[in-house]
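S.K.: Structure file target-v8.cif, mmCIF, C-alpha atoms, pLDDT in the B column; chains and numbers go by the auth columns, is pasted below:
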data_structure
#
loop_
_atom_site.group_PDB
_atom_site.id
_atom_site.type_symbol
_atom_site.label_atom_id
_atom_site.label_comp_id
_atom_site.label_asym_id
_atom_site.label_seq_id
_atom_site.Cartn_x
_atom_site.Cartn_y
_atom_site.Cartn_z
_atom_site.B_iso_or_equiv
_atom_site.auth_seq_id
_atom_site.auth_asym_id
ATOM 1 C CA MET A 1 93.638 120.217 117.496 65.00 1 A
ATOM 2 C CA GLN A 2 90.138 118.810 117.952 72.00 2 A
ATOM 3 C CA ASN A 3 87.979 118.361 114.838 77.00 3 A
ATOM 4 C CA LYS A 4 90.667 119.234 112.319 91.00 4 A
ATOM 5 C CA ILE A 5 91.241 117.867 108.826 93.00 5 A
ATOM 6 C CA PHE A 6 94.689 118.157 107.306 94.00 6 A
ATOM 7 C CA ALA A 7 97.313 116.233 105.334 96.00 7 A
ATOM 8 C CA VAL A 8 100.694 114.904 106.424 97.00 8 A
ATOM 9 C CA TYR A 9 103.560 113.439 104.435 97.00 9 A
ATOM 10 C CA LYS A 10 103.728 109.775 105.426 97.00 10 A
ATOM 11 C CA PRO A 11 107.252 108.413 105.015 97.00 11 A
ATOM 12 C CA ILE A 12 108.255 104.855 104.161 97.00 12 A
ATOM 13 C CA GLY A 13 108.187 102.492 107.142 96.00 13 A
ATOM 14 C CA ILE A 14 105.057 103.339 109.092 95.00 14 A
ATOM 15 C CA THR A 15 101.507 102.337 108.164 93.00 15 A
ATOM 16 C CA SER A 16 98.564 104.715 107.945 94.00 16 A
ATOM 17 C CA HIS A 17 96.948 102.793 110.810 92.00 17 A
ATOM 18 C CA GLN A 18 100.039 103.259 112.982 94.00 18 A
ATOM 19 C CA VAL A 19 99.976 106.997 112.275 95.00 19 A
ATOM 20 C CA ALA A 20 96.348 107.243 113.380 94.00 20 A
ATOM 21 C CA ILE A 21 96.901 105.169 116.549 94.00 21 A
ATOM 22 C CA ARG A 22 99.974 107.102 117.699 94.00 22 A
ATOM 23 C CA LEU A 23 98.414 110.483 117.060 94.00 23 A
ATOM 24 C CA ALA A 24 95.200 109.412 118.819 94.00 24 A
ATOM 25 C CA GLN A 25 97.230 108.399 121.867 94.00 25 A
ATOM 26 C CA LYS A 26 99.098 111.691 121.867 93.00 26 A
ATOM 27 C CA LEU A 27 95.979 113.849 121.480 92.00 27 A
ATOM 28 C CA ASP A 28 93.631 111.610 123.494 93.00 28 A
ATOM 29 C CA THR A 29 90.966 111.714 120.819 94.00 29 A
ATOM 30 C CA VAL A 30 89.786 109.692 117.846 93.00 30 A
ATOM 31 C CA VAL A 31 91.971 109.919 114.725 94.00 31 A
ATOM 32 C CA THR A 32 91.119 108.405 111.355 93.00 32 A
ATOM 33 C CA HIS A 33 92.382 108.773 107.792 94.00 33 A
ATOM 34 C CA THR A 34 90.839 108.803 104.339 93.00 34 A
ATOM 35 C CA GLY A 35 92.879 106.216 102.482 89.00 35 A
ATOM 36 C CA SER A 36 95.573 103.747 103.461 90.00 36 A
ATOM 37 C CA LEU A 37 99.179 103.921 102.332 94.00 37 A
ATOM 38 C CA ASP A 38 101.198 100.708 102.548 92.00 38 A
ATOM 39 C CA PRO A 39 104.364 100.626 104.679 94.00 39 A
ATOM 40 C CA MET A 40 106.517 100.923 101.543 96.00 40 A
ATOM 41 C CA ALA A 41 104.410 103.789 100.129 97.00 41 A
ATOM 42 C CA GLU A 42 104.836 107.454 100.965 98.00 42 A
ATOM 43 C CA GLY A 43 103.124 110.756 100.341 98.00 43 A
ATOM 44 C CA VAL A 44 99.837 112.484 101.072 98.00 44 A
ATOM 45 C CA LEU A 45 97.864 111.059 104.007 97.00 45 A
ATOM 46 C CA VAL A 46 94.727 112.932 105.055 97.00 46 A
ATOM 47 C CA LEU A 47 93.980 112.780 108.790 96.00 47 A
ATOM 48 C CA LEU A 48 90.709 113.534 110.570 95.00 48 A
ATOM 49 C CA ILE A 49 91.128 114.609 114.193 95.00 49 A
ATOM 50 C CA GLY A 50 88.189 114.349 116.594 92.00 50 A
ATOM 51 C CA PRO A 51 84.667 112.896 116.421 90.00 51 A
ATOM 52 C CA GLU A 52 83.167 115.722 114.361 87.00 52 A
ATOM 53 C CA ALA A 53 85.873 115.489 111.712 87.00 53 A
ATOM 54 C CA ARG A 54 85.407 111.713 111.588 85.00 54 A
ATOM 55 C CA LYS A 55 81.855 112.221 110.335 88.00 55 A
ATOM 56 C CA LYS A 56 83.329 113.413 107.034 89.00 56 A
ATOM 57 C CA GLN A 57 85.439 110.293 106.515 89.00 57 A
ATOM 58 C CA ALA A 58 83.180 108.651 103.938 88.00 58 A
ATOM 59 C CA GLU A 59 82.865 111.877 101.960 90.00 59 A
ATOM 60 C CA LEU A 60 86.604 112.532 101.937 89.00 60 A
ATOM 61 C CA GLN A 61 87.438 108.924 101.063 88.00 61 A
ATOM 62 C CA ALA A 62 85.370 108.953 97.880 91.00 62 A
ATOM 63 C CA VAL A 63 87.794 111.150 95.927 96.00 63 A
ATOM 64 C CA ASP A 64 90.280 110.530 93.166 97.00 64 A
ATOM 65 C CA LYS A 65 94.000 110.297 93.884 98.00 65 A
ATOM 66 C CA ASP A 66 97.260 110.897 92.017 98.00 66 A
ATOM 67 C CA TYR A 67 100.280 108.611 92.256 98.00 67 A
ATOM 68 C CA GLU A 68 103.744 108.403 90.811 98.00 68 A
ATOM 69 C CA PHE A 69 105.247 104.947 90.988 98.00 69 A
ATOM 70 C CA ASP A 70 108.257 103.015 89.768 98.00 70 A
ATOM 71 C CA LEU A 71 107.815 99.600 88.178 98.00 71 A
ATOM 72 C CA LEU A 72 110.777 97.275 88.677 98.00 72 A
ATOM 73 C CA PHE A 73 110.979 94.488 86.110 98.00 73 A
ATOM 74 C CA GLY A 74 112.489 91.071 86.691 98.00 74 A
ATOM 75 C CA PHE A 75 110.812 90.081 89.968 98.00 75 A
ATOM 76 C CA SER A 76 107.413 89.294 91.410 98.00 76 A
ATOM 77 C CA THR A 77 106.587 89.039 95.122 98.00 77 A
ATOM 78 C CA ASP A 78 103.589 87.849 97.099 96.00 78 A
ATOM 79 C CA SER A 79 102.838 91.459 98.131 97.00 79 A
ATOM 80 C CA TYR A 80 103.472 93.018 94.685 98.00 80 A
ATOM 81 C CA ASP A 81 106.101 95.340 96.217 98.00 81 A
ATOM 82 C CA PRO A 82 109.528 94.905 97.891 98.00 82 A
ATOM 83 C CA LEU A 83 107.903 94.079 101.244 97.00 83 A
ATOM 84 C CA GLY A 84 107.153 90.567 100.095 96.00 84 A
ATOM 85 C CA LEU A 85 108.716 87.189 99.459 97.00 85 A
ATOM 86 C CA VAL A 86 110.122 86.868 95.946 98.00 86 A
ATOM 87 C CA THR A 87 107.986 84.389 94.002 97.00 87 A
ATOM 88 C CA ASN A 88 109.553 84.751 90.559 97.00 88 A
ATOM 89 C CA ALA A 89 112.863 86.075 89.232 97.00 89 A
ATOM 90 C CA THR A 90 113.145 86.198 85.454 96.00 90 A
ATOM 91 C CA ALA A 91 116.079 87.100 83.230 96.00 91 A
ATOM 92 C CA TYR A 92 115.622 89.591 80.384 96.00 92 A
ATOM 93 C CA GLU A 93 117.706 92.050 78.378 94.00 93 A
ATOM 94 C CA PRO A 94 117.080 95.666 79.471 92.00 94 A
ATOM 95 C CA GLU A 95 118.311 96.947 76.108 90.00 95 A
ATOM 96 C CA ASN A 96 115.504 94.962 74.427 91.00 96 A
ATOM 97 C CA PHE A 97 112.835 96.048 76.890 93.00 97 A
ATOM 98 C CA PRO A 98 109.413 96.362 75.129 95.00 98 A
ATOM 99 C CA GLU A 99 108.959 100.070 75.902 92.00 99 A
ATOM 100 C CA GLU A 100 106.500 100.673 73.074 93.00 100 A
ATOM 101 C CA LYS A 101 104.339 97.789 74.252 95.00 101 A
ATOM 102 C CA LEU A 102 104.416 99.170 77.792 96.00 102 A
ATOM 103 C CA ASN A 103 103.432 102.637 76.567 94.00 103 A
ATOM 104 C CA ASP A 104 100.482 101.177 74.646 95.00 104 A
ATOM 105 C CA LEU A 105 99.465 99.180 77.710 94.00 105 A
ATOM 106 C CA VAL A 106 99.579 102.230 79.995 94.00 106 A
ATOM 107 C CA THR A 107 97.501 104.247 77.510 93.00 107 A
ATOM 108 C CA ARG A 108 94.819 101.535 77.401 93.00 108 A
ATOM 109 C CA TRP A 109 94.376 101.556 81.200 94.00 109 A
ATOM 110 C CA VAL A 110 92.089 104.589 81.097 96.00 110 A
ATOM 111 C CA GLY A 111 88.476 103.752 81.941 97.00 111 A
ATOM 112 C CA LYS A 112 86.475 101.579 84.317 97.00 112 A
ATOM 113 C CA ARG A 113 87.652 98.076 85.105 95.00 113 A
ATOM 114 C CA GLU A 114 87.597 95.377 87.744 96.00 114 A
ATOM 115 C CA GLN A 115 90.681 94.999 89.899 96.00 115 A
ATOM 116 C CA GLU A 116 91.705 92.038 92.043 94.00 116 A
ATOM 117 C CA LEU A 117 93.011 93.142 95.424 93.00 117 A
ATOM 118 C CA PRO A 118 96.574 92.206 96.412 95.00 118 A
ATOM 119 C CA PRO A 119 96.888 89.349 98.928 93.00 119 A
ATOM 120 C CA PHE A 120 98.559 91.571 101.508 92.00 120 A
ATOM 121 C CA SER A 121 95.969 94.302 102.026 90.00 121 A
ATOM 122 C CA SER A 122 93.898 95.550 104.956 86.00 122 A
ATOM 123 C CA THR A 123 90.491 94.810 103.429 88.00 123 A
ATOM 124 C CA VAL A 124 88.490 92.816 105.979 90.00 124 A
ATOM 125 C CA ILE A 125 87.138 89.425 104.870 93.00 125 A
ATOM 126 C CA ARG A 126 85.081 87.311 107.309 93.00 126 A
ATOM 127 C CA GLY A 127 86.231 89.436 110.227 92.00 127 A
ATOM 128 C CA LYS A 128 89.954 89.429 109.462 92.00 128 A
ATOM 129 C CA PRO A 129 92.157 91.542 107.164 90.00 129 A
ATOM 130 C CA LEU A 130 93.181 89.907 103.921 92.00 130 A
ATOM 131 C CA PHE A 131 96.854 89.945 104.947 91.00 131 A
ATOM 132 C CA TRP A 132 95.990 87.679 107.904 91.00 132 A
ATOM 133 C CA TRP A 133 94.591 85.024 105.573 94.00 133 A
ATOM 134 C CA ALA A 134 97.685 85.352 103.353 93.00 134 A
ATOM 135 C CA ARG A 135 100.155 85.036 106.224 89.00 135 A
ATOM 136 C CA GLU A 136 98.297 82.023 107.635 92.00 136 A
ATOM 137 C CA GLY A 137 98.406 80.291 104.251 91.00 137 A
ATOM 138 C CA ARG A 138 94.602 80.218 104.124 94.00 138 A
ATOM 139 C CA LEU A 139 93.996 82.617 101.247 93.00 139 A
ATOM 140 C CA GLN A 140 92.295 79.904 99.231 93.00 140 A
ATOM 141 C CA GLU A 141 89.493 79.847 101.821 95.00 141 A
ATOM 142 C CA VAL A 142 88.384 83.379 100.972 93.00 142 A
ATOM 143 C CA GLY A 143 89.928 84.167 97.589 92.00 143 A
ATOM 144 C CA LEU A 144 90.991 87.605 96.404 92.00 144 A
ATOM 145 C CA PRO A 145 88.136 90.125 96.303 92.00 145 A
ATOM 146 C CA VAL A 146 87.471 92.070 93.117 95.00 146 A
ATOM 147 C CA ARG A 147 86.260 95.671 93.045 94.00 147 A
ATOM 148 C CA GLU A 148 85.386 98.130 90.296 96.00 148 A
ATOM 149 C CA ILE A 149 87.839 100.990 89.895 97.00 149 A
ATOM 150 C CA GLU A 150 88.344 103.750 87.372 98.00 150 A
ATOM 151 C CA ILE A 151 91.583 105.066 85.937 98.00 151 A
ATOM 152 C CA TYR A 152 91.211 108.639 84.716 98.00 152 A
ATOM 153 C CA LYS A 153 94.647 109.550 83.431 97.00 153 A
ATOM 154 C CA THR A 154 97.994 107.809 82.822 97.00 154 A
ATOM 155 C CA GLU A 155 101.445 108.835 81.715 96.00 155 A
ATOM 156 C CA LEU A 156 104.621 106.850 81.155 97.00 156 A
ATOM 157 C CA VAL A 157 107.127 109.418 82.427 97.00 157 A
ATOM 158 C CA ARG A 158 110.450 107.724 81.764 96.00 158 A
ATOM 159 C CA ARG A 159 112.342 104.450 81.719 96.00 159 A
ATOM 160 C CA THR A 160 115.616 104.102 83.557 97.00 160 A
ATOM 161 C CA GLU A 161 117.854 101.287 84.748 97.00 161 A
ATOM 162 C CA ILE A 162 119.310 100.309 88.098 98.00 162 A
ATOM 163 C CA THR A 163 122.297 98.077 88.797 98.00 163 A
ATOM 164 C CA LYS A 164 121.934 94.945 90.864 98.00 164 A
ATOM 165 C CA SER A 165 124.161 96.423 93.569 98.00 165 A
ATOM 166 C CA ASP A 166 122.146 99.649 93.842 98.00 166 A
ATOM 167 C CA LEU A 167 118.862 97.737 93.820 98.00 167 A
ATOM 168 C CA GLU A 168 119.976 95.559 96.708 98.00 168 A
ATOM 169 C CA LYS A 169 121.098 98.601 98.709 98.00 169 A
ATOM 170 C CA LEU A 170 117.767 100.359 98.095 98.00 170 A
ATOM 171 C CA ILE A 171 115.609 97.388 99.064 98.00 171 A
ATOM 172 C CA LEU A 172 117.597 96.561 102.194 97.00 172 A
ATOM 173 C CA LYS A 173 117.653 100.225 103.265 97.00 173 A
ATOM 174 C CA ASN A 174 113.871 100.493 102.960 97.00 174 A
ATOM 175 C CA LEU A 175 113.283 97.194 104.737 97.00 175 A
ATOM 176 C CA LEU A 176 115.206 98.577 107.729 97.00 176 A
ATOM 177 C CA LEU A 177 112.714 101.454 107.915 96.00 177 A
ATOM 178 C CA ILE A 178 109.705 99.171 108.376 95.00 178 A
ATOM 179 C CA ASP A 179 108.106 99.481 111.816 92.00 179 A
ATOM 180 C CA GLY A 180 106.353 96.332 113.028 91.00 180 A
ATOM 181 C CA ASP A 181 106.276 92.652 112.135 90.00 181 A
ATOM 182 C CA PHE A 182 106.110 92.352 108.349 93.00 182 A
ATOM 183 C CA ARG A 183 108.318 89.250 107.922 94.00 183 A
ATOM 184 C CA GLN A 184 111.299 91.571 107.311 95.00 184 A
ATOM 185 C CA ASP A 185 114.008 89.093 108.283 95.00 185 A
ATOM 186 C CA ARG A 186 112.690 86.372 105.995 96.00 186 A
ATOM 187 C CA ILE A 187 112.025 88.862 103.200 97.00 187 A
ATOM 188 C CA LYS A 188 115.578 90.207 103.457 97.00 188 A
ATOM 189 C CA GLU A 189 117.028 86.695 103.143 97.00 189 A
ATOM 190 C CA ILE A 190 114.866 85.844 100.133 98.00 190 A
ATOM 191 C CA TRP A 191 115.723 89.103 98.360 98.00 191 A
ATOM 192 C CA GLN A 192 119.443 88.632 98.907 98.00 192 A
ATOM 193 C CA THR A 193 119.266 85.096 97.560 98.00 193 A
ATOM 194 C CA ALA A 194 117.141 86.096 94.572 98.00 194 A
ATOM 195 C CA LEU A 195 119.459 88.965 93.665 98.00 195 A
ATOM 196 C CA ALA A 196 122.583 86.848 94.093 97.00 196 A
ATOM 197 C CA HIS A 197 121.264 84.237 91.666 97.00 197 A
ATOM 198 C CA HIS A 198 119.602 86.572 89.160 97.00 198 A
ATOM 199 C CA PRO A 199 121.550 86.570 85.865 96.00 199 A
ATOM 200 C CA ASN A 200 120.835 90.255 85.180 97.00 200 A
ATOM 201 C CA ASP A 201 123.343 92.905 86.226 97.00 201 A
ATOM 202 C CA ARG A 202 120.919 95.711 85.386 97.00 202 A
ATOM 203 C CA PHE A 203 117.138 96.025 85.713 98.00 203 A
ATOM 204 C CA SER A 204 114.599 98.198 83.939 97.00 204 A
ATOM 205 C CA ILE A 205 112.472 100.686 85.862 98.00 205 A
ATOM 206 C CA ALA A 206 109.465 102.506 84.399 97.00 206 A
ATOM 207 C CA THR A 207 108.095 105.593 86.158 98.00 207 A
ATOM 208 C CA ILE A 208 104.367 106.133 85.729 98.00 208 A
ATOM 209 C CA ARG A 209 101.955 108.865 86.818 98.00 209 A
ATOM 210 C CA ILE A 210 98.341 107.937 87.267 98.00 210 A
ATOM 211 C CA THR A 211 95.018 109.387 88.474 98.00 211 A
ATOM 212 C CA VAL A 212 92.628 106.805 89.901 98.00 212 A
ATOM 213 C CA SER A 213 89.397 106.379 91.805 97.00 213 A
ATOM 214 C CA SER A 214 89.247 105.644 95.509 94.00 214 A
ATOM 215 C CA GLY A 215 90.099 102.056 96.404 93.00 215 A
ATOM 216 C CA THR A 216 92.575 101.490 93.570 96.00 216 A
ATOM 217 C CA TYR A 217 95.685 99.490 94.444 96.00 217 A
ATOM 218 C CA VAL A 218 98.802 100.623 92.585 97.00 218 A
ATOM 219 C CA ARG A 219 100.523 97.395 93.662 97.00 219 A
ATOM 220 C CA SER A 220 97.920 95.364 91.792 97.00 220 A
ATOM 221 C CA ILE A 221 98.463 97.461 88.675 97.00 221 A
ATOM 222 C CA ALA A 222 102.198 96.789 88.939 97.00 222 A
ATOM 223 C CA ASN A 223 101.582 93.050 89.120 97.00 223 A
ATOM 224 C CA GLU A 224 99.183 93.161 86.159 96.00 224 A
ATOM 225 C CA VAL A 225 101.763 94.953 83.999 96.00 225 A
ATOM 226 C CA GLY A 226 104.278 92.170 84.509 96.00 226 A
ATOM 227 C CA LYS A 227 101.750 89.547 83.508 95.00 227 A
ATOM 228 C CA ALA A 228 100.791 91.483 80.375 95.00 228 A
ATOM 229 C CA LEU A 229 104.401 91.999 79.253 96.00 229 A
ATOM 230 C CA GLY A 230 105.658 88.564 80.228 95.00 230 A
ATOM 231 C CA ILE A 231 108.306 90.056 82.532 97.00 231 A
ATOM 232 C CA PRO A 232 107.377 89.952 86.244 98.00 232 A
ATOM 233 C CA SER A 233 107.176 93.363 87.889 98.00 233 A
ATOM 234 C CA ILE A 234 106.559 94.991 91.265 98.00 234 A
ATOM 235 C CA ALA A 235 105.905 98.509 92.535 98.00 235 A
ATOM 236 C CA LEU A 236 109.406 99.435 93.701 98.00 236 A
ATOM 237 C CA ARG A 237 108.318 102.935 94.800 98.00 237 A
ATOM 238 C CA ILE A 238 104.855 104.420 95.357 98.00 238 A
ATOM 239 C CA LEU A 239 104.357 108.129 95.986 98.00 239 A
ATOM 240 C CA ARG A 240 100.849 109.515 96.490 98.00 240 A
ATOM 241 C CA THR A 241 101.025 113.094 95.238 98.00 241 A
ATOM 242 C CA ARG A 242 97.377 114.062 95.735 98.00 242 A
ATOM 243 C CA ASN A 243 94.374 112.864 97.736 97.00 243 A
ATOM 244 C CA GLY A 244 91.320 114.830 96.677 96.00 244 A
ATOM 245 C CA ARG A 245 91.957 118.518 97.395 95.00 245 A
ATOM 246 C CA PHE A 246 95.145 117.795 99.375 97.00 246 A
ATOM 247 C CA ASP A 247 98.493 117.646 97.564 97.00 247 A
ATOM 248 C CA LEU A 248 102.154 117.451 98.522 98.00 248 A
ATOM 249 C CA ALA A 249 102.399 121.216 99.006 97.00 249 A
ATOM 250 C CA SER A 250 99.675 121.114 101.671 95.00 250 A
ATOM 251 C CA CYS A 251 101.304 118.348 103.748 97.00 251 A
ATOM 252 C CA LYS A 252 102.684 118.835 107.245 93.00 252 A
ATOM 253 C CA PRO A 253 105.780 116.801 108.151 94.00 253 A
ATOM 254 C CA LEU A 254 104.652 113.803 110.183 93.00 254 A
ATOM 255 C CA SER A 255 107.625 114.273 112.514 91.00 255 A
ATOM 256 C CA ASP A 256 106.060 117.543 113.670 90.00 256 A
ATOM 257 C CA LEU A 257 103.188 115.543 115.165 90.00 257 A
ATOM 258 C CA ILE A 258 104.620 112.233 116.369 90.00 258 A
ATOM 259 C CA PRO A 259 108.142 110.858 116.889 84.00 259 A
ATOM 260 C CA LEU A 260 109.416 108.653 114.084 76.00 260 A
#
Mind turning this structure into structure tokens?
M.R.:
Amino acid sequence: MQNKIFAVYKPIGITSHQVAIRLAQKLDTVVTHTGSLDPMAEGVLVLLIGPEARKKQAELQAVDKDYEFDLLFGFSTDSYDPLGLVTNATAYEPENFPEEKLNDLVTRWVGKREQELPPFSSTVIRGKPLFWWAREGRLQEVGLPVREIEIYKTELVRRTEITKSDLEKLILKNLLLIDGDFRQDRIKEIWQTALAHHPNDRFSIATIRITVSSGTYVRSIANEVGKALGIPSIALRILRTRNGRFDLASCKPLSDLIPL
């Protein structure tokens, strides 16, 4: 399998870096990828196997990507997704959700813009990943980097609702899938407390499809939406459906390559 380039379907729970390390150990060669997916994200992950394939990493990274993601309204976390400590829990009436305002907001995303990176990301600042500074409580020493991105296409697919009970089951189920030390025990406790005390019995979810430039963080977009609407929001689900020329149909199951 030396010097191959192909896509796998990365499931929730494992990081892109963990995929590359485990496959490199199995094949005894260098393995890289062309764009990180967070532990809670799933979908198309492009892998480069062997030193010759690695030479194409920069070229294959600089491509646009498609995502479908679910925005959950009523909560914010320090990671902008469920794998984070809840920082805000706000009551609202799902039946009065400002859907038209959200649709207008999504439409206006198209174009170039500057995006602030999420605190828990792998971007290296002063020799350490940003998530290290966040976990050490030293984020103020480096600040959140800003990068230029471009959003090419957006679509508000649908709005649904989820009950408090089903939301808790979903979040706790996905937290159990996480491989590694991501503060899961503490996060689980905080989520259970936040849900128990939240006055809402139902929560709004908006599903959005988006095409973006390389380096765009969907989690940051989710956080920005909440600020714009005045209802905190997180990326409850993130599915990458395309990475350049690779789409879901071209993905190999990751379990065919490494044990999960």
S.K.: Taking the file above as input, evaluate the PyMOL selection byres ((chain A and resi 252) around 7) and report the hits as a list in words.
M.R.: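 That selection, the PyMOL selection byres ((chain A and resi 252) around 7), comes back as Ala7, Val8, Tyr9, Ser250, Cys251, Pro253 and Leu254 of chain A.
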S.K.: With distances taken over all atoms listed in the file, which residue among A:Pro259, A:Gly74, A:Gly127, A:Gly180 lies nearest A:Val86?
M.R.: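 Ranking A:Pro259, A:Gly74, A:Gly127, A:Gly180 by distance to A:Val86, first place goes to A:Gly74.
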S.K.: Which polymer residues have any atom within 12 Å of an atom of A:Thr77, counting all atoms listed in the file, with same-chain residues fewer than 5 positions away left out, as a JSON list (two decimals) with C-alpha atoms, in the coordinates of the input?
M.R.:
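Saved to selection_25.json:
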[["chain", "number", "residue", "atom", "x", "y", "z"],
["A", 72, "LEU", "CA", 110.78, 97.28, 88.68],
["A", 82, "PRO", "CA", 109.53, 94.90, 97.89],
["A", 83, "LEU", "CA", 107.90, 94.08, 101.24],
["A", 84, "GLY", "CA", 107.15, 90.57, 100.10],
["A", 85, "LEU", "CA", 108.72, 87.19, 99.46],
["A", 86, "VAL", "CA", 110.12, 86.87, 95.95],
["A", 87, "THR", "CA", 107.99, 84.39, 94.00],
["A", 88, "ASN", "CA", 109.55, 84.75, 90.56],
["A", 89, "ALA", "CA", 112.86, 86.08, 89.23],
["A", 118, "PRO", "CA", 96.57, 92.21, 96.41],
["A", 119, "PRO", "CA", 96.89, 89.35, 98.93],
["A", 120, "PHE", "CA", 98.56, 91.57, 101.51],
["A", 187, "ILE", "CA", 112.02, 88.86, 103.20],
["A", 190, "ILE", "CA", 114.87, 85.84, 100.13],
["A", 191, "TRP", "CA", 115.72, 89.10, 98.36],
["A", 194, "ALA", "CA", 117.14, 86.10, 94.57],
["A", 219, "ARG", "CA", 100.52, 97.40, 93.66],
["A", 220, "SER", "CA", 97.92, 95.36, 91.79],
["A", 222, "ALA", "CA", 102.20, 96.79, 88.94],
["A", 223, "ASN", "CA", 101.58, 93.05, 89.12],
["A", 226, "GLY", "CA", 104.28, 92.17, 84.51],
["A", 232, "PRO", "CA", 107.38, 89.95, 86.24],
["A", 233, "SER", "CA", 107.18, 93.36, 87.89],
["A", 234, "ILE", "CA", 106.56, 94.99, 91.26],
["A", 235, "ALA", "CA", 105.90, 98.51, 92.54],
["A", 236, "LEU", "CA", 109.41, 99.44, 93.70]]
S.K.: Could you pull out every residue with an atom within 7 Å of (105.6, 105.1, 82.0), file coordinates, counting all atoms listed in the file, and send them as JSON, numbers by chain?
M.R.: {"A": [103, 106, 155, 156, 157, 158, 159, 206, 207, 208]}
S.K.: Considering all atoms listed in the file, can you say which of A:Glu168, A:Glu116, A:Asp28, A:Asp181 comes closest to A:Tyr217?
M.R.: A:Glu116
S.K.: Please report the interatomic distance between atom CA of A:Ile151 and atom CA of A:Glu95 in Å with one decimal.
M.R.: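 That distance, rounded to one decimal, is 29.6 Å.
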S.K.: What would the selection look like, as number ranges by chain, if the PyMOL selection byres ((chain A and resi 239) around 7) were run on the coordinates I just shared?
M.R.: A: 41-43, 67-69, 237-238, 240-241
S.K.: Would you translate the PyMOL selection byres ((chain A and resi 131) around 12) into the concrete set of residues it matches in this file, as a ChimeraX atom specification?
M.R.: /A:38,78-79,84,117-125,127-130,132-139,142-144,182-183
S.K.: State, in Å with one decimal place, the distance from atom CA of A:Asn96 to atom CA of A:Leu229.
M.R.: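 One can read the atom CA of A:Asn96 to atom CA of A:Leu229 distance as 12.5 Å.
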S.K.: Kindly list the centre and edge lengths in Å, rounded to one decimal, for the axis-aligned box that covers all listed atoms of stretch 64-79 of chain A plus 6 Å on each of its six sides, as lines of an AutoDock Vina configuration file.
M.R.:
center_x = 101.4
center_y = 99.4
center_z = 92.1
size_x = 34.2
size_y = 35.0
size_z = 24.0
S.K.: I need the residue nearest A:Leu60 from this list: A:Leu102, A:Ala249, A:Leu47, A:Ile162. Use only C-alpha atoms for the distance.
M.R.: A:Leu47
S.K.: What separation in Å, quoted to one decimal, exists between atom CA of A:Gln140 and atom CA of A:Thr34?
M.R.: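 About the pair atom CA of A:Gln140 and atom CA of A:Thr34: they are 29.4 Å apart.
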S.K.: Measuring atom to atom with only C-alpha atoms, identify which of A:Ala196, A:Arg245, A:Ser214, A:Arg22 is nearest to A:Ala62.
M.R.: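 Of all the options, A:Ser214 lies closest to A:Ala62.
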S.K.: From (97.9, 113.9, 100.4), in the file's coordinates, out to 6 Å: which residues are reached, counting all atoms listed in the file? Answer as a JSON list (two decimals) with C-alpha atoms, in the coordinates of the input.
M.R.:
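This went into point-v3.json:
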[["chain", "number", "residue", "atom", "x", "y", "z"],
["A", 7, "ALA", "CA", 97.31, 116.23, 105.33],
["A", 44, "VAL", "CA", 99.84, 112.48, 101.07],
["A", 45, "LEU", "CA", 97.86, 111.06, 104.01],
["A", 46, "VAL", "CA", 94.73, 112.93, 105.06],
["A", 242, "ARG", "CA", 97.38, 114.06, 95.74],
["A", 243, "ASN", "CA", 94.37, 112.86, 97.74],
["A", 246, "PHE", "CA", 95.14, 117.80, 99.38],
["A", 247, "ASP", "CA", 98.49, 117.65, 97.56],
["A", 248, "LEU", "CA", 102.15, 117.45, 98.52]]
